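For reference, protein02.cif (mmCIF, C-alpha atoms):
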```
data_input
loop_
_atom_site.label_atom_id
_atom_site.label_comp_id
_atom_site.auth_asym_id
_atom_site.auth_seq_id
_atom_site.Cartn_x
_atom_site.Cartn_y
_atom_site.Cartn_z
CA MET V 29 84.29 105.54 93.57
CA ARG V 30 81.12 103.76 92.49
CA ALA V 31 79.27 101.95 95.26
CA PRO V 32 79.13 98.15 94.87
CA ARG V 33 75.92 96.95 93.31
CA SER V 34 73.53 94.53 94.97
CA LEU V 35 73.63 91.11 93.37
CA GLY V 36 70.07 90.41 94.53
CA ARG V 37 68.73 93.62 93.00
CA TRP V 38 70.71 93.05 89.83
CA LEU V 39 69.32 89.53 89.42
CA THR V 40 65.78 90.67 90.27
CA GLY V 41 65.96 93.58 87.85
CA TRP V 42 67.22 91.45 84.99
CA LEU V 43 64.66 88.75 85.77
CA ALA V 44 61.89 91.36 85.58
CA ALA V 45 63.31 92.75 82.33
CA LEU V 46 63.63 89.31 80.74
CA THR V 47 60.14 88.38 81.93
CA LEU V 48 58.75 91.57 80.38
CA VAL V 49 60.55 90.89 77.12
CA GLY V 50 59.42 87.26 77.07
CA LEU V 51 55.77 87.95 77.92
CA GLY V 52 55.79 90.95 75.59
CA ALA V 53 57.03 88.79 72.74
CA VAL V 54 54.35 86.18 73.48
CA CYS V 55 51.63 88.86 73.62
CA VAL V 56 52.79 90.42 70.36
CA ALA V 57 52.83 87.00 68.73
CA VAL V 58 49.28 86.27 69.97
CA TYR V 59 48.08 89.69 68.82
CA VAL V 60 49.65 89.38 65.37
CA ALA V 61 48.42 85.80 64.92
CA THR V 62 44.88 86.81 65.93
CA GLY V 63 44.94 89.79 63.58
CA MET V 64 46.13 87.61 60.72
CA SER V 65 43.39 85.09 61.52
CA PHE V 66 40.71 87.84 61.40
CA ALA V 67 42.12 89.19 58.13
CA ALA V 68 42.08 85.74 56.56
CA LYS V 69 38.49 85.20 57.75
CA GLN V 70 37.45 88.55 56.26
CA HIS V 71 39.07 87.80 52.91
CA LYS V 72 37.44 84.39 52.89
CA GLU V 73 34.05 85.94 53.69
CA LEU V 74 34.32 88.44 50.83
CA ASP V 75 35.49 85.74 48.41
CA HIS V 76 32.51 83.55 49.38
CA ARG V 77 30.03 86.41 48.88
CA GLN V 78 31.66 87.28 45.58
CA GLU V 79 31.16 83.72 44.35
CA LEU V 80 27.55 83.86 45.47
CA VAL V 81 26.92 87.09 43.57
CA ARG V 82 28.53 85.62 40.47
CA HIS V 83 26.36 82.53 40.81
CA LEU V 84 23.17 84.55 41.12
CA LEU V 85 24.14 86.70 38.13
CA GLY V 86 24.77 83.52 36.17
CA GLU V 87 21.14 82.52 36.64
CA ILE V 88 19.89 85.73 34.90
CA GLU V 89 19.05 85.28 31.23
CA THR V 90 17.08 88.44 30.46
CA VAL V 91 16.45 91.83 31.97
CA ASP V 92 13.10 90.54 33.15
CA ASP V 93 14.94 88.25 35.60
CA LEU V 94 16.37 91.26 37.50
CA LYS V 95 13.32 91.45 39.79
CA SER V 96 13.83 87.84 40.88
CA PHE V 97 17.58 88.53 41.22
CA ARG V 98 16.98 91.53 43.52
CA HIS V 99 14.55 89.50 45.61
CA LYS V 100 17.12 86.77 46.10
CA LEU V 101 19.75 89.33 47.11
CA ASP V 102 17.34 90.91 49.61
CA ASP V 103 16.70 87.53 51.15
CA PHE V 104 20.43 86.87 51.31
CA PHE V 105 21.34 90.12 53.09
CA VAL V 106 18.65 89.72 55.72
CA GLY V 107 20.53 89.27 59.00
CA HIS V 108 23.87 90.22 57.41
CA SER V 109 24.02 93.89 58.22
CA GLU V 110 27.80 93.83 58.20
CA LEU V 111 27.72 93.12 54.42
CA GLY V 112 26.91 95.58 51.68
CA LEU V 113 26.59 95.30 47.87
CA ARG V 114 26.40 97.89 45.15
CA LEU V 115 25.83 96.62 41.58
CA THR V 116 26.02 99.02 38.62
CA GLU V 117 25.95 98.66 34.84
CA ASN V 118 28.88 100.33 33.06
CA GLY V 119 29.64 102.14 36.31
CA GLU V 120 26.58 104.40 35.91
CA THR V 121 23.21 102.63 36.07
CA LEU V 122 22.44 101.32 39.54
CA ILE V 123 21.04 97.83 39.41
CA TYR V 124 21.08 96.90 43.11
CA ALA V 125 22.24 98.37 46.42
CA THR V 126 21.76 97.26 49.98
CA PRO V 127 19.96 99.66 52.32
CA PRO V 128 22.31 102.40 53.59
CA THR V 129 23.73 101.95 57.09
CA ALA V 130 25.66 104.18 59.47
CA GLU V 131 29.07 105.30 58.21
CA LEU V 132 31.50 102.49 58.61
CA ARG V 133 34.78 103.43 60.26
CA GLN V 134 36.57 100.27 59.29
CA GLN V 135 35.66 98.06 56.38
CA ARG V 136 37.06 95.88 53.63
CA ARG V 137 36.09 96.17 49.97
CA ALA V 138 36.06 93.75 47.09
CA VAL V 139 35.39 95.19 43.60
CA PHE V 140 34.96 92.89 40.62
CA ARG V 141 33.41 92.95 37.13
CA VAL V 142 31.27 90.42 35.31
CA ALA V 143 29.83 90.35 31.82
CA SER V 144 26.24 91.49 31.56
CA PRO V 145 23.91 88.50 31.15
CA TRP V 146 21.53 90.41 28.91
CA SER V 147 24.00 92.43 26.83
CA SER V 148 27.33 91.26 25.55
CA ALA V 149 28.45 94.85 25.08
CA ASP V 150 27.94 95.88 28.68
CA THR V 151 29.63 94.93 31.96
CA LEU V 152 28.40 94.88 35.50
CA GLN V 153 30.53 96.25 38.36
CA ALA V 154 29.95 94.81 41.82
CA GLU V 155 31.33 96.37 45.04
CA LEU V 156 31.15 94.26 48.18
CA THR V 157 31.87 95.82 51.58
CA LEU V 158 32.42 94.10 54.91
CA ASP V 159 32.17 95.95 58.21
CA THR V 160 35.31 95.03 60.25
CA SER V 161 34.52 97.24 63.24
CA PRO V 162 33.51 94.31 65.50
CA ASP V 163 36.79 92.55 64.74
CA ALA V 164 38.76 95.78 65.30
CA GLU V 165 37.00 96.30 68.63
CA LEU V 166 37.78 92.74 69.61
CA MET V 167 41.45 93.29 68.65
CA ARG V 168 41.59 96.41 70.84
CA ARG V 169 40.16 94.51 73.77
CA LEU V 170 42.59 91.71 73.13
CA ALA V 171 45.50 94.20 73.08
CA TRP V 172 44.51 95.71 76.42
CA THR V 173 43.98 92.26 77.88
CA LEU V 174 47.42 91.13 76.71
CA VAL V 175 49.09 94.28 78.09
CA ALA V 176 47.40 93.85 81.44
CA SER V 177 48.26 90.17 81.51
CA ALA V 178 51.91 90.87 80.65
CA LEU V 179 52.25 93.52 83.37
CA THR V 180 50.52 91.29 85.90
CA GLY V 181 52.80 88.41 84.93
CA VAL V 182 55.89 90.61 85.24
CA VAL V 183 54.85 91.77 88.71
CA ALA V 184 54.02 88.23 89.84
CA LEU V 185 57.17 86.67 88.40
CA SER V 186 59.34 89.52 89.73
CA ALA V 187 57.92 89.00 93.21
CA GLY V 188 58.55 85.27 92.94
CA GLY V 189 61.99 85.90 91.47
CA THR V 190 62.87 88.24 94.34
CA TRP V 191 61.91 85.56 96.83
CA LEU V 192 63.90 82.92 94.95
CA VAL V 193 66.97 85.18 94.67
CA ARG V 194 66.90 85.93 98.40
CA ARG V 195 66.49 82.26 99.17
CA ALA V 196 69.31 81.34 96.78
CA LEU V 197 71.63 83.89 98.46
CA LEU V 198 71.02 82.53 101.95
CA PRO V 199 74.01 80.13 101.67
CA VAL V 200 76.22 83.10 100.75
CA HIS V 201 75.04 84.99 103.84
CA ASP V 202 75.79 81.88 105.90
CA LEU V 203 79.33 81.78 104.50
CA VAL V 204 79.71 85.48 105.31
CA ARG V 205 78.70 84.82 108.91
CA GLN V 206 81.21 81.97 109.16
CA ALA V 207 83.97 84.13 107.69
CA ALA V 208 83.11 87.00 110.05
CA ALA V 209 83.51 84.64 113.01
CA LEU V 210 87.16 83.92 112.10
CA ASN V 211 89.83 85.49 114.31
CA PRO V 212 93.53 84.93 115.01
CA GLU V 213 92.68 82.15 117.46
CA ASN V 214 90.70 80.10 114.90
CA VAL V 215 92.00 81.47 111.62
CA GLY V 216 92.54 77.96 110.27
CA GLN V 217 88.99 76.77 110.97
CA PRO V 218 87.51 75.80 107.56
CA LEU V 219 84.16 77.03 106.36
CA ASN V 220 81.39 74.47 106.64
CA GLY V 221 80.34 73.65 103.09
CA ALA V 222 77.76 71.02 104.05
CA GLY V 223 74.43 71.76 102.44
CA GLN V 224 75.87 74.47 100.21
CA ALA V 225 75.09 74.64 96.50
CA ARG V 226 77.31 72.67 94.17
CA GLU V 227 78.35 75.89 92.39
CA LEU V 228 79.73 77.24 95.70
CA GLN V 229 81.78 74.15 96.53
CA PRO V 230 84.87 75.17 94.45
CA LEU V 231 84.85 78.62 96.09
CA ILE V 232 84.55 77.07 99.56
CA ALA V 233 87.37 74.61 98.81
CA GLN V 234 89.66 77.39 97.56
CA PHE V 235 88.82 79.60 100.53
CA ASN V 236 89.50 76.78 102.98
CA THR V 237 92.83 76.15 101.25
CA LEU V 238 93.61 79.85 101.64
CA LEU V 239 92.72 79.64 105.33
CA VAL V 240 95.16 76.76 105.76
CA ARG V 241 97.92 78.78 104.12
CA LEU V 242 96.95 81.82 106.17
CA GLU V 243 97.08 79.82 109.39
CA HIS V 244 100.47 78.46 108.42
CA ALA V 245 101.71 81.97 107.64
CA TYR V 246 100.25 83.30 110.89
CA ARG V 247 101.83 80.55 112.98
CA GLN V 248 105.07 81.03 111.10
CA LEU V 249 104.94 84.76 111.81
CA GLU V 250 104.37 84.08 115.49
CA GLY V 251 107.30 81.69 115.51
CA PHE V 252 109.36 84.18 113.53
CA ASN V 253 108.72 86.92 116.07
CA ALA V 254 109.67 84.59 118.90
CA ASP V 255 112.82 83.47 117.07
CA VAL V 256 113.82 87.05 116.33
CA ALA V 257 113.45 87.91 120.00
CA HIS V 258 115.46 84.81 120.92
CA GLU V 259 118.25 85.58 118.43
CA LEU V 260 118.52 89.24 119.44
CA ARG V 261 118.08 88.73 123.18
CA THR V 262 121.29 86.72 123.68
CA PRO V 263 123.75 89.15 122.06
CA LEU V 264 121.94 92.13 123.57
CA ALA V 265 122.10 90.56 127.03
CA THR V 266 125.79 89.85 126.49
CA LEU V 267 126.44 93.42 125.37
CA ILE V 268 124.55 94.88 128.32
CA GLY V 269 126.18 92.55 130.84
CA GLU V 270 129.76 93.11 129.65
CA THR V 271 129.22 96.85 129.41
CA GLU V 272 127.81 97.00 132.94
CA LEU V 273 130.75 94.99 134.26
CA ALA V 274 133.17 97.28 132.50
CA LEU V 275 131.55 100.31 134.07
CA ASN V 276 131.36 98.89 137.59
CA ARG V 277 135.03 99.42 138.35
CA GLN V 278 138.12 101.03 136.95
CA ARG V 279 139.74 99.07 134.12
CA ASP V 280 142.88 99.64 132.16
CA ILE V 281 142.94 100.21 128.44
CA ALA V 282 143.76 96.58 127.62
CA GLU V 283 140.74 95.26 129.53
CA LEU V 284 138.49 97.85 127.91
CA ARG V 285 139.82 96.82 124.50
CA ASP V 286 138.90 93.22 125.26
CA VAL V 287 135.39 94.26 126.30
CA LEU V 288 134.97 96.41 123.19
CA GLY V 289 136.26 93.58 120.99
CA SER V 290 133.81 91.14 122.50
CA ASN V 291 131.00 93.65 122.12
CA LEU V 292 132.02 94.25 118.52
CA GLU V 293 131.63 90.53 117.76
CA ASP V 294 128.10 90.59 119.15
CA LEU V 295 127.34 93.76 117.23
CA HIS V 296 128.53 92.11 114.02
CA ARG V 297 126.25 89.20 114.81
CA LEU V 298 123.31 91.56 115.34
CA ARG V 299 124.09 93.36 112.10
CA GLY V 300 124.20 90.03 110.28
CA VAL V 301 120.78 89.07 111.62
CA VAL V 302 119.30 92.45 110.67
CA ASN V 303 120.85 92.41 107.18
CA ASP V 304 119.60 88.87 106.54
CA MET V 305 116.11 89.80 107.72
CA LEU V 306 116.12 92.84 105.42
CA PHE V 307 117.22 90.64 102.51
CA LEU V 308 114.43 88.13 103.19
CA SER V 309 111.89 90.93 103.47
CA LYS V 310 113.02 92.29 100.11
CA ALA V 311 112.72 88.84 98.55
CA ASP V 312 109.24 88.39 100.03
CA ARG V 313 108.15 91.65 98.42
CA GLY V 314 108.87 90.19 94.98
CA ALA V 315 112.46 91.20 94.26
CA ARG V 316 113.85 89.40 91.21
CA ALA V 317 117.35 88.24 90.41
CA ARG V 318 119.45 90.34 88.02
CA LEU V 319 120.42 87.76 85.45
CA ARG V 320 123.72 87.86 83.61
CA PRO V 321 125.37 85.25 81.39
CA LEU V 322 127.63 82.86 83.30
CA ALA V 323 129.94 80.63 81.30
CA SER V 324 130.84 78.14 84.07
CA LEU V 325 128.80 77.46 87.16
CA GLY V 326 131.36 74.87 88.18
CA GLN V 327 134.11 77.48 88.25
CA LEU V 328 131.90 79.70 90.45
CA ALA V 329 131.36 76.79 92.86
CA GLY V 330 135.12 76.22 92.98
CA GLU V 331 135.72 79.84 93.91
CA VAL V 332 133.16 79.60 96.74
CA ALA V 333 134.82 76.39 97.99
CA GLU V 334 138.22 78.10 97.93
CA PHE V 335 136.78 80.94 100.04
CA HIS V 336 135.73 78.35 102.66
CA ASP V 337 139.04 76.53 102.53
CA ALA V 338 140.08 77.56 106.06
CA ALA V 339 136.77 76.44 107.65
CA LEU V 340 136.90 73.16 105.69
CA HIS V 341 140.48 72.52 106.77
CA GLU V 342 139.61 73.21 110.41
CA ALA V 343 136.68 70.76 110.20
CA GLY V 344 138.90 68.15 108.54
CA LEU V 345 136.86 68.14 105.35
CA SER V 346 137.61 68.16 101.67
CA VAL V 347 135.37 69.45 98.91
CA ARG V 348 134.69 68.20 95.39
CA VAL V 349 132.83 69.98 92.60
CA ARG V 350 130.99 67.70 90.20
CA GLY V 351 129.40 68.86 86.95
CA ASP V 352 129.18 72.18 85.16
CA VAL V 353 126.61 74.17 83.19
CA ALA V 354 126.31 77.62 81.66
CA GLY V 355 123.31 79.92 81.82
CA ASP V 356 121.91 83.23 82.97
CA PHE V 357 122.14 83.76 86.74
CA ASP V 358 122.60 86.44 89.36
CA VAL V 359 126.21 85.65 90.24
CA PRO V 360 126.40 87.43 93.64
CA LEU V 361 123.20 85.74 94.78
CA LEU V 362 124.41 82.32 93.65
CA GLN V 363 127.70 82.87 95.47
CA ARG V 364 125.77 83.66 98.64
CA ALA V 365 123.48 80.64 98.28
CA LEU V 366 126.42 78.26 97.63
CA SER V 367 128.30 79.78 100.54
CA ASN V 368 125.36 79.21 102.90
CA LEU V 369 124.93 75.61 101.71
CA LEU V 370 128.64 74.91 102.10
CA SER V 371 128.72 76.51 105.57
CA ASN V 372 125.74 74.37 106.60
CA ALA V 373 127.45 71.21 105.33
CA THR V 374 130.73 72.14 107.04
CA ARG V 375 129.02 72.39 110.43
CA PHE V 376 127.40 68.95 110.27
CA ALA V 377 129.65 66.82 108.06
CA GLU V 378 131.65 63.95 109.56
CA ARG V 379 135.27 64.79 110.09
CA GLY V 380 137.46 63.35 107.37
CA SER V 381 134.61 63.08 104.83
CA THR V 382 134.20 64.83 101.49
CA VAL V 383 131.60 67.50 100.82
CA GLU V 384 130.32 67.36 97.26
CA ILE V 385 128.91 70.26 95.27
CA GLY V 386 126.82 68.71 92.51
CA ILE V 387 125.79 70.69 89.43
CA ASP V 388 123.46 68.87 87.04
CA ALA V 389 121.50 69.93 83.99
CA ALA V 390 117.87 68.95 84.47
CA PRO V 391 115.38 69.00 81.62
CA PRO V 392 113.69 71.03 80.42
CA GLY V 393 116.18 73.93 80.50
CA SER V 394 116.89 73.94 84.25
CA VAL V 395 119.86 73.31 86.50
CA SER V 396 120.12 71.60 89.88
CA ILE V 397 122.70 72.76 92.45
CA ALA V 398 123.11 70.65 95.58
CA VAL V 399 125.62 70.22 98.41
CA SER V 400 125.92 66.72 99.92
CA ASN V 401 127.73 65.67 103.10
CA ARG V 402 128.11 62.62 105.27
CA GLY V 403 126.69 63.06 108.75
CA PRO V 404 123.74 62.43 111.04
CA THR V 405 120.54 61.70 109.15
CA ILE V 406 117.95 64.46 109.47
CA PRO V 407 114.56 63.06 110.52
CA ALA V 408 111.97 63.21 107.75
CA GLU V 409 109.65 65.50 109.74
CA HIS V 410 112.33 68.22 109.77
CA LEU V 411 113.11 68.22 106.03
CA PRO V 412 110.10 70.30 104.85
CA ARG V 413 110.95 73.04 107.37
CA LEU V 414 114.69 73.35 106.85
CA PHE V 415 114.20 76.48 104.73
CA ASP V 416 111.97 78.21 107.29
CA ARG V 417 113.39 81.24 109.04
CA PHE V 418 115.21 80.51 112.30
CA TYR V 419 114.30 76.84 112.06
CA ARG V 420 116.83 74.35 113.40
CA ALA V 421 116.55 70.70 114.18
CA ASP V 422 117.35 69.93 117.81
CA ARG V 423 120.87 68.82 117.05
CA ALA V 424 121.50 72.15 115.32
CA ARG V 425 120.36 74.19 118.30
CA GLU V 426 123.42 73.06 120.13
CA ARG V 427 125.54 74.99 117.65
CA GLY V 428 123.45 78.13 117.62
CA ASP V 429 126.50 80.24 118.50
CA SER V 430 127.86 79.85 114.96
CA SER V 431 124.63 80.35 113.04
CA HIS V 432 121.49 82.40 113.56
CA GLY V 433 119.20 80.13 111.54
CA LEU V 434 118.66 82.24 108.41
CA GLY V 435 121.19 80.63 106.07
CA LEU V 436 118.87 78.10 104.42
CA ALA V 437 115.98 80.57 104.45
CA ILE V 438 118.18 82.87 102.36
CA VAL V 439 118.96 79.97 100.00
CA GLY V 440 115.22 79.47 99.53
CA ALA V 441 114.71 83.18 98.87
CA ILE V 442 117.49 83.24 96.27
CA ALA V 443 115.95 80.22 94.54
CA ARG V 444 112.57 81.98 94.40
CA MET V 445 114.17 85.16 93.07
CA HIS V 446 115.48 83.07 90.14
CA GLY V 447 112.09 81.40 89.65
CA GLY V 448 113.30 78.11 91.13
CA ALA V 449 112.60 75.87 94.12
CA THR V 450 114.51 74.17 96.94
CA PHE V 451 114.79 70.53 97.96
CA ALA V 452 116.31 68.50 100.80
CA ARG V 453 117.00 64.79 101.17
CA SER V 454 118.57 62.84 104.01
CA ALA V 455 118.95 59.08 104.20
CA SER V 456 121.58 56.49 105.16
CA GLY V 457 123.89 59.13 106.64
CA THR V 458 123.97 61.34 103.54
CA THR V 459 122.25 64.71 103.50
CA THR V 460 121.69 66.62 100.26
CA ILE V 461 120.36 70.18 100.31
CA GLY V 462 120.05 72.35 97.23
CA PHE V 463 117.85 74.13 94.75
CA SER V 464 116.86 74.00 91.11
CA LEU V 465 116.31 76.99 88.87
CA PRO V 466 115.95 77.84 85.17
CA ALA V 467 119.20 77.95 83.22
CA SER V 468 117.89 80.94 81.25
CA PRO V 469 115.10 83.47 81.79
CA PRO V 470 111.67 82.89 80.18
CA GLY V 471 111.43 84.01 76.56
CA ARG V 472 115.11 83.51 75.67
#
```

Any chance you could give the structure as structure tokens?
Amino acid sequence: MRAPRSLGRWLTGWLAALTLVGLGAVCVAVYVATGMSFAAKQHKELDHRQELVRHLLGEIETVDDLKSFRHKLDDFFVGHSELGLRLTENGETLIYATPPTAELRQQRRAVFRVASPWSSADTLQAELTLDTSPDAELMRRLAWTLVASALTGVVALSAGGTWLVRRALLPVHDLVRQAAALNPENVGQPLNGAGQARELQPLIAQFNTLLVRLEHAYRQLEGFNADVAHELRTPLATLIGETELALNRQRDIAELRDVLGSNLEDLHRLRGVVNDMLFLSKADRGARARLRPLASLGQLAGEVAEFHDAALHEAGLSVRVRGDVAGDFDVPLLQRALSNLLSNATRFAERGSTVEIGIDAAPPGSVSIAVSNRGPTIPAEHLPRLFDRFYRADRARERGDSSHGLGLAIVGAIARMHGGATFARSASGTTTIGFSLPASPPGR
């Protein structure tokens, strides 16, 4: 596995590379522009000397004027050792040549022809040379100067860039120290974003939001562990106590059967708690509903109500199913969710009232399933937590012997497995608890 790279070194390295490229491009541009300027100056110099030679040749009328012509050229080339001229007639007869100099390593030439002033049948060929060695030497010095300047600039800017990068990363190191100081006791303490760069503010805000959710999950886990211990302690204590009593003295078969029957009820309760916890754990790990076409959700709700007929009759309640839709659902899961909602309503509904199972189509392409009952109004502060595991309002704790507090949590899990969400409302003596979910899976 490749080791994580250093952001500071990566930024410094790229800054040095970009600086080298930038300064290199500037140096190349300066070098090329200077070279072009020297070349233009040299061409201009040769053109000027060529015009001068033509002008002097234009003043010759006869061969006798050549002596004066040579004298003028000698005067002209005094102090211009970088220039040379060779003038021949018909390419053979030498008319004028500047004194020979050391061999030129770099030079420019300009060759041109003019008509002979003293003979219309002959032509004169002039060859001008310009020594460019001083300019070439200057260009070499310029090149070395630019290279040294570029390297010095890269080193200086890289050093400054390293300092700036380290300074810019100081807020990140501060955030790391704050995050390292978090522990289970202060897991919800937000990171201090005061003085941080504007670019880091969204990250800090998202991280603080995550800390809030983490604190909530941590507190919920602590409460869950306590609730699990509470729910399992009572039946276990009952089992142990009854078993110890049964073993303390001789009992007949009938009494032992009673003890075993009572223990069996507590064991069934324990099994129910364990099975529900396993189901919730499976849902939390991302289990999805197995969707199948269902022609009538209302008919399914009626079947669930019929299954609870005895409990409803004992509580003096009647049930009414309102609405119907078709869609793709996990039928066993929906049966379980409706059963839990109906059991919850049966426990708290006013005797003689009617429990309503409402099924409504909600745009776009979703369905709402809710169970409403008349009864004590649930305080608003309890509504958001009704679907938490083992959560009961105080008035529900009094009936803990008939429910272990996972029914609505399972309803919430089933809603999530379908890609839906839960809701709860309670006002003016009417409580409505339910969930909404897509009527068909995505893509259909």

Name the closest residue to Leu267 (chain V) among the candidates V:Ala389, V:Val60, V:Leu295, V:Ala282; distances are taken between atoms, counting only C-alpha atoms.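 The shortest atom-to-atom distance to Leu267 (chain V) comes from V:Leu295.
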
So how many Å separate CA of Gly41 (chain V) and CA of Val183 (chain V), to one decimal? 11.3 Å

Residues within 12 Å of Arg137 (chain V), all atoms listed in the file, excluding chain neighbours under 3 positions, as a PyMOL selection string: chain V and resi 70-71+73-75+77-78+110-114+132+134+140+154-160

Applied to this file, what does the PyMOL selection byres ((chain V and resi 236-238) around 10) return in terms of residues, put as a list in words? Gly216, Gln217, Pro218, Leu219, Asn220, Gly221, Pro230, Leu231, Ile232, Ala233, Gln234, Phe235, Leu239, Val240, Arg241, Leu242, Glu243 and His244 of chain V

Expected selection from the PyMOL selection byres ((chain V and resi 369) around 8), given as a ChimeraX atom specification: /V:365-368,370-373,399,435-436,439,461-462

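Of the residues listed (V:Ser456, V:Ser346, V:Thr450, V:Thr47), V:Thr47 shows the shortest atom-to-atom separation from Thr180 (chain V); distances use all atoms listed in the file.
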
Compile the contact shell of region 269-275 of chain V as a PyMOL selection string: residues with an atom at most 8 Å away, counting only C-alpha atoms, same-chain residues fewer than 2 positions apart removed. chain V and resi 265-267+277-279+284+287+291

Do a neighbour search on region 445-448 of chain V at 6 Å with only C-alpha atoms, toss out local chain neighbours closer than 2 positions, and write the hits as a ChimeraX atom specification. /V:316-317,442-443,464-465

In Å, rounded to a single decimal, give me how far CA of Gly300 (chain V) is from CA of Arg285 (chain V).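 Interatomic distance, CA of Arg285 (chain V) to CA of Gly300 (chain V): 22.2 Å.
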